[in-house]
file query-v7.txt (compact mmCIF, N, CA and C atoms)
# COMPACT_ATOMS: atom_id res chain seq x y z
N MET A 974 420.34 66.10 257.93
CA MET A 974 419.59 65.13 258.70
C MET A 974 420.05 63.75 258.27
N ILE A 975 420.37 62.93 259.26
CA ILE A 975 420.89 61.59 259.00
C ILE A 975 420.19 60.59 259.91
N ASP A 976 420.40 59.30 259.63
CA ASP A 976 419.93 58.23 260.50
C ASP A 976 421.15 57.61 261.17
N GLY A 977 420.92 57.07 262.35
CA GLY A 977 421.98 56.36 263.04
C GLY A 977 422.29 55.04 262.35
N ASP A 978 423.41 54.45 262.73
CA ASP A 978 423.79 53.14 262.18
C ASP A 978 422.87 52.07 262.75
N LYS A 979 422.38 51.18 261.90
CA LYS A 979 421.50 50.10 262.32
C LYS A 979 422.27 49.10 263.17
N GLN A 980 421.71 48.76 264.34
CA GLN A 980 422.32 47.77 265.22
C GLN A 980 421.28 46.72 265.59
N ASN A 981 421.74 45.50 265.81
CA ASN A 981 420.87 44.40 266.23
C ASN A 981 421.50 43.67 267.40
N GLY A 982 420.65 43.11 268.25
CA GLY A 982 421.13 42.26 269.33
C GLY A 982 421.69 42.99 270.54
N ILE A 983 421.57 44.31 270.58
CA ILE A 983 422.05 45.08 271.73
C ILE A 983 420.84 45.81 272.32
N GLU A 984 420.60 45.60 273.61
CA GLU A 984 419.45 46.24 274.25
C GLU A 984 419.78 47.69 274.59
N ARG A 985 418.94 48.60 274.08
CA ARG A 985 419.11 50.02 274.34
C ARG A 985 417.74 50.68 274.52
N ILE A 986 417.74 51.86 275.12
CA ILE A 986 416.50 52.60 275.33
C ILE A 986 416.01 53.19 274.02
N ASN A 987 414.70 53.16 273.83
CA ASN A 987 414.06 53.76 272.66
C ASN A 987 413.91 55.25 272.93
N LEU A 988 414.63 56.07 272.19
CA LEU A 988 414.60 57.51 272.38
C LEU A 988 413.47 58.10 271.54
N ASP A 989 412.24 57.90 272.02
CA ASP A 989 411.08 58.44 271.32
C ASP A 989 410.66 59.76 271.97
N VAL A 990 409.68 60.43 271.38
CA VAL A 990 409.27 61.76 271.83
C VAL A 990 408.80 61.74 273.28
N LYS A 991 407.94 60.81 273.63
CA LYS A 991 407.40 60.81 274.99
C LYS A 991 408.48 60.58 276.03
N TYR A 992 409.44 59.72 275.74
CA TYR A 992 410.54 59.49 276.67
C TYR A 992 411.38 60.77 276.81
N LEU A 993 411.73 61.39 275.69
CA LEU A 993 412.58 62.58 275.74
C LEU A 993 411.89 63.78 276.38
N ARG A 994 410.57 63.82 276.34
CA ARG A 994 409.83 64.90 277.02
C ARG A 994 409.58 64.57 278.48
N GLY A 995 409.95 63.38 278.92
CA GLY A 995 409.74 62.98 280.30
C GLY A 995 408.31 62.57 280.59
N GLU A 996 407.56 62.22 279.55
CA GLU A 996 406.15 61.84 279.70
C GLU A 996 405.96 60.35 279.88
N ARG A 997 407.03 59.57 279.72
CA ARG A 997 406.91 58.12 279.83
C ARG A 997 408.25 57.55 280.27
N ASP A 998 408.18 56.43 280.99
CA ASP A 998 409.40 55.74 281.39
C ASP A 998 410.06 55.11 280.16
N ALA A 999 411.30 54.75 280.33
CA ALA A 999 412.08 54.18 279.22
C ALA A 999 411.54 52.82 278.80
N LYS A 1000 411.51 52.61 277.49
CA LYS A 1000 411.23 51.29 276.91
C LYS A 1000 412.50 50.88 276.19
N THR A 1001 412.80 49.57 276.24
CA THR A 1001 414.02 49.12 275.57
C THR A 1001 413.69 48.33 274.32
N LEU A 1002 414.62 48.39 273.38
CA LEU A 1002 414.54 47.64 272.13
C LEU A 1002 415.84 46.86 271.97
N THR A 1003 415.81 45.83 271.16
CA THR A 1003 417.04 45.07 270.91
C THR A 1003 417.62 45.35 269.53
N SER A 1004 417.00 46.27 268.79
CA SER A 1004 417.57 46.70 267.52
C SER A 1004 417.04 48.08 267.19
N GLY A 1005 417.78 48.79 266.37
CA GLY A 1005 417.35 50.12 265.97
C GLY A 1005 418.51 50.91 265.41
N LYS A 1006 418.26 52.20 265.19
CA LYS A 1006 419.28 53.10 264.67
C LYS A 1006 419.96 53.77 265.86
N TYR A 1007 421.24 53.47 266.03
CA TYR A 1007 422.00 53.92 267.20
C TYR A 1007 422.17 55.43 267.23
N VAL A 1008 422.00 56.00 268.44
CA VAL A 1008 422.20 57.41 268.70
C VAL A 1008 423.09 57.54 269.93
N ALA A 1009 424.18 58.29 269.81
CA ALA A 1009 425.09 58.50 270.94
C ALA A 1009 424.52 59.53 271.91
N THR A 1010 425.04 59.53 273.13
CA THR A 1010 424.68 60.53 274.14
C THR A 1010 424.98 61.92 273.60
N LYS A 1011 424.12 62.88 273.91
CA LYS A 1011 424.24 64.30 273.53
C LYS A 1011 424.09 64.54 272.03
N SER A 1012 423.51 63.57 271.31
CA SER A 1012 423.20 63.79 269.90
C SER A 1012 421.97 64.68 269.80
N LEU A 1013 421.81 65.31 268.66
CA LEU A 1013 420.63 66.14 268.42
C LEU A 1013 419.66 65.36 267.54
N LEU A 1014 418.42 65.27 268.00
CA LEU A 1014 417.37 64.62 267.22
C LEU A 1014 416.33 65.67 266.87
N ILE A 1015 415.91 65.71 265.61
CA ILE A 1015 414.88 66.65 265.18
C ILE A 1015 413.63 65.86 264.83
N LEU A 1016 412.51 66.32 265.36
CA LEU A 1016 411.22 65.68 265.12
C LEU A 1016 410.79 65.99 263.69
N VAL A 1017 410.55 64.95 262.90
CA VAL A 1017 410.17 65.16 261.49
C VAL A 1017 408.74 64.76 261.19
N ASP A 1018 408.06 64.11 262.11
CA ASP A 1018 406.66 63.71 261.91
C ASP A 1018 405.80 64.26 263.03
N GLY A 1019 404.58 64.63 262.69
CA GLY A 1019 403.62 65.05 263.69
C GLY A 1019 403.51 66.55 263.83
N GLU A 1020 402.69 66.94 264.77
CA GLU A 1020 402.33 68.35 264.96
C GLU A 1020 403.51 69.25 265.27
N ASN A 1021 404.49 68.75 266.03
CA ASN A 1021 405.61 69.59 266.47
C ASN A 1021 406.87 69.40 265.64
N SER A 1022 406.70 69.09 264.35
CA SER A 1022 407.86 68.93 263.47
C SER A 1022 408.78 70.13 263.60
N GLY A 1023 410.08 69.85 263.65
CA GLY A 1023 411.07 70.91 263.79
C GLY A 1023 411.58 71.05 265.21
N GLU A 1024 410.90 70.39 266.17
CA GLU A 1024 411.37 70.45 267.57
C GLU A 1024 412.64 69.62 267.68
N VAL A 1025 413.63 70.16 268.41
CA VAL A 1025 414.93 69.50 268.53
C VAL A 1025 415.16 69.07 269.98
N PHE A 1026 415.70 67.87 270.14
CA PHE A 1026 416.03 67.31 271.45
C PHE A 1026 417.51 66.94 271.47
N ARG A 1027 418.17 67.12 272.62
CA ARG A 1027 419.53 66.61 272.82
C ARG A 1027 419.39 65.36 273.67
N THR A 1028 419.93 64.24 273.21
CA THR A 1028 419.74 62.97 273.90
C THR A 1028 420.53 62.92 275.20
N PRO A 1029 419.86 62.57 276.30
CA PRO A 1029 420.55 62.50 277.59
C PRO A 1029 421.42 61.25 277.74
N ILE A 1030 421.09 60.23 276.96
CA ILE A 1030 421.80 58.95 277.01
C ILE A 1030 421.86 58.37 275.61
N GLU A 1031 422.66 57.31 275.44
CA GLU A 1031 422.67 56.64 274.15
C GLU A 1031 421.43 55.76 274.05
N GLY A 1032 421.02 55.45 272.85
CA GLY A 1032 419.85 54.61 272.65
C GLY A 1032 419.57 54.45 271.18
N TYR A 1033 418.31 54.09 270.88
CA TYR A 1033 417.88 53.93 269.50
C TYR A 1033 416.94 55.08 269.14
N GLN A 1034 417.17 55.62 267.97
CA GLN A 1034 416.42 56.76 267.46
C GLN A 1034 414.95 56.39 267.29
N GLY A 1035 414.05 57.22 267.85
CA GLY A 1035 412.63 57.02 267.67
C GLY A 1035 412.25 57.17 266.21
N SER A 1036 411.16 56.52 265.81
CA SER A 1036 410.77 56.49 264.40
C SER A 1036 410.37 57.84 263.83
N THR A 1037 410.04 58.80 264.67
CA THR A 1037 409.62 60.12 264.19
C THR A 1037 410.78 61.12 264.15
N PHE A 1038 412.01 60.64 264.31
CA PHE A 1038 413.18 61.51 264.37
C PHE A 1038 414.16 61.27 263.23
N LYS A 1039 414.97 62.27 263.01
CA LYS A 1039 416.20 62.18 262.23
C LYS A 1039 417.27 62.79 263.12
N GLN A 1040 418.50 62.32 262.96
CA GLN A 1040 419.59 62.94 263.69
C GLN A 1040 419.99 64.21 262.95
N LEU A 1041 420.29 65.21 263.71
CA LEU A 1041 420.69 66.49 263.14
C LEU A 1041 422.20 66.57 263.27
N PHE A 1042 422.88 66.56 262.16
CA PHE A 1042 424.34 66.63 262.17
C PHE A 1042 424.75 68.08 261.92
N ILE A 1043 425.52 68.64 262.83
CA ILE A 1043 426.02 70.01 262.70
C ILE A 1043 427.53 69.95 262.62
N ASN A 1044 428.06 70.55 261.58
CA ASN A 1044 429.50 70.58 261.36
C ASN A 1044 430.22 71.07 262.62
N GLU A 1045 431.32 70.42 262.95
CA GLU A 1045 432.06 70.75 264.18
C GLU A 1045 432.64 72.17 264.16
N ASN A 1046 432.71 72.80 263.01
CA ASN A 1046 433.21 74.17 262.93
C ASN A 1046 432.12 75.21 263.21
N MET A 1047 430.91 74.73 263.45
CA MET A 1047 429.78 75.61 263.76
C MET A 1047 429.43 75.47 265.24
N ASN A 1048 428.96 76.55 265.84
CA ASN A 1048 428.47 76.53 267.20
C ASN A 1048 427.06 75.92 267.16
N SER A 1049 426.88 74.75 267.75
CA SER A 1049 425.59 74.06 267.65
C SER A 1049 424.45 74.88 268.26
N ARG A 1050 424.74 75.62 269.33
CA ARG A 1050 423.68 76.45 269.94
C ARG A 1050 423.24 77.55 268.98
N TYR A 1051 424.17 78.07 268.20
CA TYR A 1051 423.84 79.08 267.19
C TYR A 1051 422.93 78.48 266.11
N VAL A 1052 423.32 77.32 265.59
CA VAL A 1052 422.53 76.67 264.54
C VAL A 1052 421.13 76.34 265.06
N LEU A 1053 421.03 75.90 266.32
CA LEU A 1053 419.72 75.59 266.90
C LEU A 1053 418.86 76.85 267.02
N GLN A 1054 419.48 77.99 267.29
CA GLN A 1054 418.72 79.24 267.33
C GLN A 1054 418.19 79.59 265.94
N VAL A 1055 418.98 79.36 264.91
CA VAL A 1055 418.53 79.62 263.54
C VAL A 1055 417.35 78.70 263.20
N ILE A 1056 417.46 77.43 263.56
CA ILE A 1056 416.35 76.49 263.31
C ILE A 1056 415.11 76.93 264.07
N ASN A 1057 415.29 77.32 265.32
CA ASN A 1057 414.16 77.77 266.14
C ASN A 1057 413.48 78.99 265.52
N LEU A 1058 414.26 79.85 264.91
CA LEU A 1058 413.73 81.03 264.24
C LEU A 1058 412.77 80.63 263.11
N HIS A 1059 413.04 79.49 262.48
CA HIS A 1059 412.23 79.02 261.36
C HIS A 1059 411.20 77.95 261.76
N ARG A 1060 411.10 77.64 263.04
CA ARG A 1060 410.27 76.53 263.49
C ARG A 1060 408.80 76.69 263.12
N ARG A 1061 408.28 77.88 263.23
CA ARG A 1061 406.87 78.11 262.88
C ARG A 1061 406.62 77.80 261.40
N ILE A 1062 407.51 78.25 260.54
CA ILE A 1062 407.39 77.98 259.11
C ILE A 1062 407.45 76.48 258.85
N LEU A 1063 408.36 75.79 259.54
CA LEU A 1063 408.49 74.34 259.37
C LEU A 1063 407.22 73.63 259.80
N ARG A 1064 406.63 74.07 260.93
CA ARG A 1064 405.40 73.44 261.44
C ARG A 1064 404.22 73.69 260.52
N GLU A 1065 404.15 74.88 259.94
CA GLU A 1065 403.00 75.24 259.12
C GLU A 1065 403.09 74.71 257.69
N ASN A 1066 404.22 74.16 257.31
CA ASN A 1066 404.40 73.69 255.94
C ASN A 1066 404.72 72.20 255.89
N LYS A 1067 404.06 71.44 256.75
CA LYS A 1067 404.25 69.98 256.74
C LYS A 1067 403.58 69.42 255.49
N VAL A 1068 404.04 68.25 255.08
CA VAL A 1068 403.46 67.58 253.91
C VAL A 1068 402.90 66.24 254.34
N GLY A 1069 401.97 65.70 253.54
CA GLY A 1069 401.34 64.43 253.85
C GLY A 1069 400.02 64.64 254.55
N SER A 1070 399.12 63.66 254.40
CA SER A 1070 397.79 63.83 255.00
C SER A 1070 397.58 62.95 256.22
N ALA A 1071 397.96 61.69 256.17
CA ALA A 1071 397.71 60.79 257.30
C ALA A 1071 398.56 61.19 258.51
N ILE A 1072 399.86 61.27 258.30
CA ILE A 1072 400.78 61.72 259.36
C ILE A 1072 401.62 62.84 258.75
N PRO A 1073 401.23 64.09 259.03
CA PRO A 1073 402.00 65.20 258.46
C PRO A 1073 403.45 65.16 258.93
N HIS A 1074 404.37 65.44 258.03
CA HIS A 1074 405.78 65.41 258.41
C HIS A 1074 406.51 66.62 257.86
N LEU A 1075 407.67 66.85 258.42
CA LEU A 1075 408.50 67.98 258.08
C LEU A 1075 408.80 67.98 256.59
N ASN A 1076 408.62 69.12 255.99
CA ASN A 1076 408.98 69.28 254.59
C ASN A 1076 410.51 69.39 254.53
N LYS A 1077 411.16 68.28 254.23
CA LYS A 1077 412.62 68.22 254.27
C LYS A 1077 413.26 69.17 253.26
N LYS A 1078 412.60 69.38 252.11
CA LYS A 1078 413.15 70.33 251.13
C LYS A 1078 413.17 71.74 251.72
N LEU A 1079 412.09 72.10 252.40
CA LEU A 1079 412.02 73.41 253.04
C LEU A 1079 413.09 73.52 254.13
N PHE A 1080 413.24 72.46 254.93
CA PHE A 1080 414.24 72.46 256.00
C PHE A 1080 415.63 72.63 255.42
N LYS A 1081 415.93 71.87 254.38
CA LYS A 1081 417.27 71.94 253.79
C LYS A 1081 417.52 73.28 253.09
N ALA A 1082 416.45 73.99 252.73
CA ALA A 1082 416.59 75.28 252.06
C ALA A 1082 416.82 76.44 253.03
N ILE A 1083 416.73 76.17 254.34
CA ILE A 1083 416.97 77.24 255.31
C ILE A 1083 418.41 77.72 255.17
N GLU A 1084 418.54 79.00 254.95
CA GLU A 1084 419.88 79.58 254.84
C GLU A 1084 420.37 79.92 256.24
N VAL A 1085 421.55 79.44 256.56
CA VAL A 1085 422.15 79.69 257.86
C VAL A 1085 423.31 80.66 257.66
N PRO A 1086 423.14 81.92 258.09
CA PRO A 1086 424.27 82.85 257.99
C PRO A 1086 425.43 82.32 258.83
N ILE A 1087 426.64 82.40 258.30
CA ILE A 1087 427.78 81.83 259.00
C ILE A 1087 428.79 82.93 259.33
N PRO A 1088 428.56 83.60 260.45
CA PRO A 1088 429.57 84.57 260.90
C PRO A 1088 430.74 83.81 261.52
N PRO A 1089 431.83 84.51 261.82
CA PRO A 1089 432.96 83.84 262.50
C PRO A 1089 432.48 83.18 263.80
N TYR A 1090 433.18 82.13 264.21
CA TYR A 1090 432.77 81.33 265.37
C TYR A 1090 432.56 82.19 266.62
N LYS A 1091 433.46 83.10 266.90
CA LYS A 1091 433.32 83.94 268.10
C LYS A 1091 432.07 84.81 268.01
N GLU A 1092 431.71 85.24 266.81
CA GLU A 1092 430.48 86.02 266.65
C GLU A 1092 429.25 85.13 266.87
N GLN A 1093 429.32 83.87 266.44
CA GLN A 1093 428.23 82.94 266.72
C GLN A 1093 428.02 82.83 268.23
N GLN A 1094 429.13 82.73 268.97
CA GLN A 1094 429.04 82.64 270.44
C GLN A 1094 428.41 83.90 271.02
N ARG A 1095 428.83 85.07 270.52
CA ARG A 1095 428.27 86.34 271.02
C ARG A 1095 426.77 86.43 270.73
N ILE A 1096 426.36 85.96 269.56
CA ILE A 1096 424.93 85.99 269.19
C ILE A 1096 424.13 85.13 270.16
N VAL A 1097 424.62 83.92 270.43
CA VAL A 1097 423.93 83.01 271.35
C VAL A 1097 423.85 83.63 272.74
N GLU A 1098 424.95 84.20 273.22
CA GLU A 1098 424.96 84.83 274.55
C GLU A 1098 423.97 85.99 274.61
N THR A 1099 423.88 86.78 273.56
CA THR A 1099 422.95 87.91 273.51
C THR A 1099 421.50 87.43 273.53
N ILE A 1100 421.22 86.37 272.77
CA ILE A 1100 419.87 85.80 272.75
C ILE A 1100 419.51 85.28 274.13
N ASN A 1101 420.44 84.57 274.77
CA ASN A 1101 420.18 84.03 276.11
C ASN A 1101 419.92 85.14 277.12
N LYS A 1102 420.68 86.23 277.05
CA LYS A 1102 420.46 87.36 277.95
C LYS A 1102 419.09 87.98 277.71
N ALA A 1103 418.69 88.10 276.45
CA ALA A 1103 417.38 88.66 276.13
C ALA A 1103 416.26 87.79 276.69
N PHE A 1104 416.40 86.48 276.55
CA PHE A 1104 415.38 85.56 277.09
C PHE A 1104 415.33 85.62 278.62
N MET A 1105 416.50 85.76 279.26
CA MET A 1105 416.50 85.89 280.73
C MET A 1105 415.77 87.16 281.15
N SER A 1106 415.99 88.26 280.42
CA SER A 1106 415.29 89.51 280.72
C SER A 1106 413.80 89.36 280.53
N LEU A 1107 413.41 88.69 279.45
CA LEU A 1107 411.98 88.45 279.21
C LEU A 1107 411.36 87.60 280.31
N ASP A 1108 412.10 86.59 280.78
CA ASP A 1108 411.61 85.75 281.88
C ASP A 1108 411.38 86.58 283.14
N LEU A 1109 412.31 87.48 283.44
CA LEU A 1109 412.16 88.35 284.61
C LEU A 1109 410.93 89.26 284.46
N ILE A 1110 410.73 89.77 283.27
CA ILE A 1110 409.54 90.63 283.03
C ILE A 1110 408.27 89.82 283.22
N MET A 1111 408.24 88.61 282.67
CA MET A 1111 407.05 87.76 282.80
C MET A 1111 406.77 87.42 284.26
N GLU A 1112 407.81 87.17 285.03
CA GLU A 1112 407.63 86.85 286.46
C GLU A 1112 407.11 88.03 287.25
N SER A 1113 407.43 89.24 286.82
CA SER A 1113 407.01 90.43 287.56
C SER A 1113 405.60 90.89 287.20
N LEU A 1114 405.02 90.31 286.18
CA LEU A 1114 403.66 90.71 285.78
C LEU A 1114 402.61 90.16 286.71
call {"tool": "encode", "arguments": {"input": "query-v7.txt", "output": "C-alpha cells"}}
result
Amino acid sequence: MIDGDKQNGIERINLDVKYLRGERDAKTLTSGKYVATKSLLILVDGENSGEVFRTPIEGYQGSTFKQLFINENMNSRYVLQVINLHRRILRENKVGSAIPHLNKKLFKAIEVPIPPYKEQQRIVETINKAFMSLDLIMESL
C-alpha cells in the first residue's frame, strides 16, 4: 500500500468513495496525492475497509484510501481475488475507535500463493465462470 505523489496547483477530481461508487458528482481539488487512471485504491478507513476500486480517471486519492501496488509479474485480477477472499477478516479486525481503519499489519500478513502466471489466469477464469453460474442460478430462483 502506497500513497500517490503530492501535487499542488493542478486541478483534478477528488477520487473519494462516494464518487467512485457513483453516489456523488465529481468534486475537484487543486492539490492532493496523484493517482493515475486504472490505479487500484483500497479503502483503509470505515466500515468497508478492504474494498478495492479501480480508478476510471486520473485524480487525487481520497483521504480514506491507499494505492494498492501489485507487482507487474502478478496477475492483478488474481491478487484481487485473494484480497477478496480475506475481506471479511479485514473488515472484522479494524483498529481504532473513532474511525475504525484497516489493520495494516493484518493486511500485510496475508499470504498470497504465487502459482505460475498462466495458472493465475486459469484460477481467475475458473472463479469468473463459477460466479456466472451462481448468477444464473440466482436469476432462476
call {"tool": "select_by_dssp", "arguments": {"input": "query-v7.txt", "residues": "segment 993-1052 of chain A", "states": "strand (DSSP E or B)", "output": "JSON, numbers by chain"}}
result
{"A": [1001, 1002, 1003, 1004, 1005, 1006, 1007, 1008, 1013, 1014, 1015, 1016, 1018, 1025, 1026, 1027, 1032, 1033, 1034, 1038, 1039, 1040]}
call {"tool": "closest_residue", "arguments": {"input": "query-v7.txt", "among": "A:Arg997, A:Lys1091, A:Asp1018, A:Arg1060", "to": "Ser1036 of chain A", "atoms": "all atoms listed in the file"}}
result
A:Asp1018
call {"tool": "atom_distance", "arguments": {"input": "query-v7.txt", "atom1": "atom CA of Lys979 of chain A", "atom2": "atom N of Gln1034 of chain A"}}
result
9.0 Å
call {"tool": "atom_distance", "arguments": {"input": "query-v7.txt", "atom1": "atom C of Leu1014 of chain A", "atom2": "atom N of Asn981 of chain A"}}
result
20.9 Å
call {"tool": "atom_distance", "arguments": {"input": "query-v7.txt", "atom1": "atom N of Gly982 of chain A", "atom2": "atom C of Leu1002 of chain A"}}
result
7.1 Å
call {"tool": "closest_residue", "arguments": {"input": "query-v7.txt", "among": "A:Ile986, A:Met1047, A:Leu1053, A:Leu1058", "to": "Tyr1033 of chain A", "atoms": "only C-alpha atoms"}}
result
A:Ile986
call {"tool": "closest_residue", "arguments": {"input": "query-v7.txt", "among": "A:Lys991, A:Lys1006, A:Leu1109, A:Glu1065", "to": "Asp978 of chain A", "atoms": "all atoms listed in the file"}}
result
A:Lys1006
call {"tool": "residues_around", "arguments": {"input": "query-v7.txt", "residues": "Ile1100 of chain A", "least_positions_apart": "5", "cutoff": "9 Å", "atoms": "only C-alpha atoms", "output": "list in words"}}
result
Gln1054, Arg1095 and Met1105 of chain A
call {"tool": "closest_residue", "arguments": {"input": "query-v7.txt", "among": "A:Lys1011, A:Arg985, A:Lys1000, A:His1059", "to": "Arg1027 of chain A", "atoms": "all atoms listed in the file"}}
result
A:Lys1011
call {"tool": "closest_residue", "arguments": {"input": "query-v7.txt", "among": "A:Val1052, A:Leu1075, A:Ser1004, A:Gly977", "to": "Asn1021 of chain A", "atoms": "only N, CA and C atoms"}}
result
A:Leu1075
call {"tool": "residues_around", "arguments": {"input": "query-v7.txt", "residues": "Val1017 of chain A", "least_positions_apart": "3", "cutoff": "6 Å", "atoms": "only N, CA and C atoms", "output": "list of chain:residue names"}}
result
A:Ser1022, A:Gly1023, A:Thr1037, A:Phe1038, A:Lys1039, A:Pro1073, A:His1074, A:Leu1075
call {"tool": "write_last_selection", "arguments": {"input": "query-v7.txt", "atoms": "N, CA and C atoms", "output": "CSV table (one decimal), in the frame of the given file"}}
result
chain,number,residue,atom,x,y,z
A,1022,SER,N,406.7,69.1,264.4
A,1022,SER,CA,407.9,68.9,263.5
A,1022,SER,C,408.8,70.1,263.6
A,1023,GLY,N,410.1,69.8,263.6
A,1023,GLY,CA,411.1,70.9,263.8
A,1023,GLY,C,411.6,71.0,265.2
A,1037,THR,N,410.0,58.8,264.7
A,1037,THR,CA,409.6,60.1,264.2
A,1037,THR,C,410.8,61.1,264.2
A,1038,PHE,N,412.0,60.6,264.3
A,1038,PHE,CA,413.2,61.5,264.4
A,1038,PHE,C,414.2,61.3,263.2
A,1039,LYS,N,415.0,62.3,263.0
A,1039,LYS,CA,416.2,62.2,262.2
A,1039,LYS,C,417.3,62.8,263.1
A,1073,PRO,N,401.2,64.1,259.0
A,1073,PRO,CA,402.0,65.2,258.5
A,1073,PRO,C,403.4,65.2,258.9
A,1074,HIS,N,404.4,65.4,258.0
A,1074,HIS,CA,405.8,65.4,258.4
A,1074,HIS,C,406.5,66.6,257.9
A,1075,LEU,N,407.7,66.8,258.4
A,1075,LEU,CA,408.5,68.0,258.1
A,1075,LEU,C,408.8,68.0,256.6
call {"tool": "closest_residue", "arguments": {"input": "query-v7.txt", "among": "A:Gly1032, A:Asp989, A:Gln1094, A:Gly995", "to": "Ala1009 of chain A", "atoms": "only C-alpha atoms"}}
result
A:Gly1032
call {"tool": "select_by_dssp", "arguments": {"input": "query-v7.txt", "residues": "segment 1031-1110 of chain A", "states": "alpha helix (DSSP H)", "output": "compact mmCIF listing (two decimals) with N, CA and C atoms, in the coordinates of the input"}}
result
# COMPACT_ATOMS: atom_id res chain seq x y z
N SER A 1049 426.88 74.75 267.75
CA SER A 1049 425.59 74.06 267.65
C SER A 1049 424.45 74.88 268.26
N ARG A 1050 424.74 75.62 269.33
CA ARG A 1050 423.68 76.45 269.94
C ARG A 1050 423.24 77.55 268.98
N TYR A 1051 424.17 78.07 268.20
CA TYR A 1051 423.84 79.08 267.19
C TYR A 1051 422.93 78.48 266.11
N VAL A 1052 423.32 77.32 265.59
CA VAL A 1052 422.53 76.67 264.54
C VAL A 1052 421.13 76.34 265.06
N LEU A 1053 421.03 75.90 266.32
CA LEU A 1053 419.72 75.59 266.90
C LEU A 1053 418.86 76.85 267.02
N GLN A 1054 419.48 77.99 267.29
CA GLN A 1054 418.72 79.24 267.33
C GLN A 1054 418.19 79.59 265.94
N VAL A 1055 418.98 79.36 264.91
CA VAL A 1055 418.53 79.62 263.54
C VAL A 1055 417.35 78.70 263.20
N ILE A 1056 417.46 77.43 263.56
CA ILE A 1056 416.35 76.49 263.31
C ILE A 1056 415.11 76.93 264.07
N ASN A 1057 415.29 77.32 265.32
CA ASN A 1057 414.16 77.77 266.14
C ASN A 1057 413.48 78.99 265.52
N LEU A 1058 414.26 79.85 264.91
CA LEU A 1058 413.73 81.03 264.24
C LEU A 1058 412.77 80.63 263.11
N ARG A 1060 411.10 77.64 263.04
CA ARG A 1060 410.27 76.53 263.49
C ARG A 1060 408.80 76.69 263.12
N ARG A 1061 408.28 77.88 263.23
CA ARG A 1061 406.87 78.11 262.88
C ARG A 1061 406.62 77.80 261.40
N ILE A 1062 407.51 78.25 260.54
CA ILE A 1062 407.39 77.98 259.11
C ILE A 1062 407.45 76.48 258.85
N LEU A 1063 408.36 75.79 259.54
CA LEU A 1063 408.49 74.34 259.37
C LEU A 1063 407.22 73.63 259.80
N ARG A 1064 406.63 74.07 260.93
CA ARG A 1064 405.40 73.44 261.44
C ARG A 1064 404.22 73.69 260.52
N GLU A 1065 404.15 74.88 259.94
CA GLU A 1065 403.00 75.24 259.12
C GLU A 1065 403.09 74.71 257.69
N LYS A 1077 411.16 68.28 254.23
CA LYS A 1077 412.62 68.22 254.27
C LYS A 1077 413.26 69.17 253.26
N LYS A 1078 412.60 69.38 252.11
CA LYS A 1078 413.15 70.33 251.13
C LYS A 1078 413.17 71.74 251.72
N LEU A 1079 412.09 72.10 252.40
CA LEU A 1079 412.02 73.41 253.04
C LEU A 1079 413.09 73.52 254.13
N PHE A 1080 413.24 72.46 254.93
CA PHE A 1080 414.24 72.46 256.00
C PHE A 1080 415.63 72.63 255.42
N LYS A 1081 415.93 71.87 254.38
CA LYS A 1081 417.27 71.94 253.79
C LYS A 1081 417.52 73.28 253.09
N TYR A 1090 433.18 82.13 264.21
CA TYR A 1090 432.77 81.33 265.37
C TYR A 1090 432.56 82.19 266.62
N LYS A 1091 433.46 83.10 266.90
CA LYS A 1091 433.32 83.94 268.10
C LYS A 1091 432.07 84.81 268.01
N GLU A 1092 431.71 85.24 266.81
CA GLU A 1092 430.48 86.02 266.65
C GLU A 1092 429.25 85.13 266.87
N GLN A 1093 429.32 83.87 266.44
CA GLN A 1093 428.23 82.94 266.72
C GLN A 1093 428.02 82.83 268.23
N GLN A 1094 429.13 82.73 268.97
CA GLN A 1094 429.04 82.64 270.44
C GLN A 1094 428.41 83.90 271.02
N ARG A 1095 428.83 85.07 270.52
CA ARG A 1095 428.27 86.34 271.02
C ARG A 1095 426.77 86.43 270.73
N ILE A 1096 426.36 85.96 269.56
CA ILE A 1096 424.93 85.99 269.19
C ILE A 1096 424.13 85.13 270.16
N VAL A 1097 424.62 83.92 270.43
CA VAL A 1097 423.93 83.01 271.35
C VAL A 1097 423.85 83.63 272.74
N GLU A 1098 424.95 84.20 273.22
CA GLU A 1098 424.96 84.83 274.55
C GLU A 1098 423.97 85.99 274.61
N THR A 1099 423.88 86.78 273.56
CA THR A 1099 422.95 87.91 273.51
C THR A 1099 421.50 87.43 273.53
N ILE A 1100 421.22 86.37 272.77
CA ILE A 1100 419.87 85.80 272.75
C ILE A 1100 419.51 85.28 274.13
N ASN A 1101 420.44 84.57 274.77
CA ASN A 1101 420.18 84.03 276.11
C ASN A 1101 419.92 85.14 277.12
N LYS A 1102 420.68 86.23 277.05
CA LYS A 1102 420.46 87.36 277.95
C LYS A 1102 419.09 87.98 277.71
N ALA A 1103 418.69 88.10 276.45
CA ALA A 1103 417.38 88.66 276.13
C ALA A 1103 416.26 87.79 276.69
N PHE A 1104 416.40 86.48 276.55
CA PHE A 1104 415.38 85.56 277.09
C PHE A 1104 415.33 85.62 278.62
N MET A 1105 416.50 85.76 279.26
CA MET A 1105 416.50 85.89 280.73
C MET A 1105 415.77 87.16 281.15
N SER A 1106 415.99 88.26 280.42
CA SER A 1106 415.29 89.51 280.72
C SER A 1106 413.80 89.36 280.53
N LEU A 1107 413.41 88.69 279.45
CA LEU A 1107 411.98 88.45 279.21
C LEU A 1107 411.36 87.60 280.31
N ASP A 1108 412.10 86.59 280.78
CA ASP A 1108 411.61 85.75 281.88
C ASP A 1108 411.38 86.58 283.14
N LEU A 1109 412.31 87.48 283.44
CA LEU A 1109 412.16 88.35 284.61
C LEU A 1109 410.93 89.26 284.46
N ILE A 1110 410.73 89.77 283.27
CA ILE A 1110 409.54 90.63 283.03
C ILE A 1110 408.27 89.82 283.22
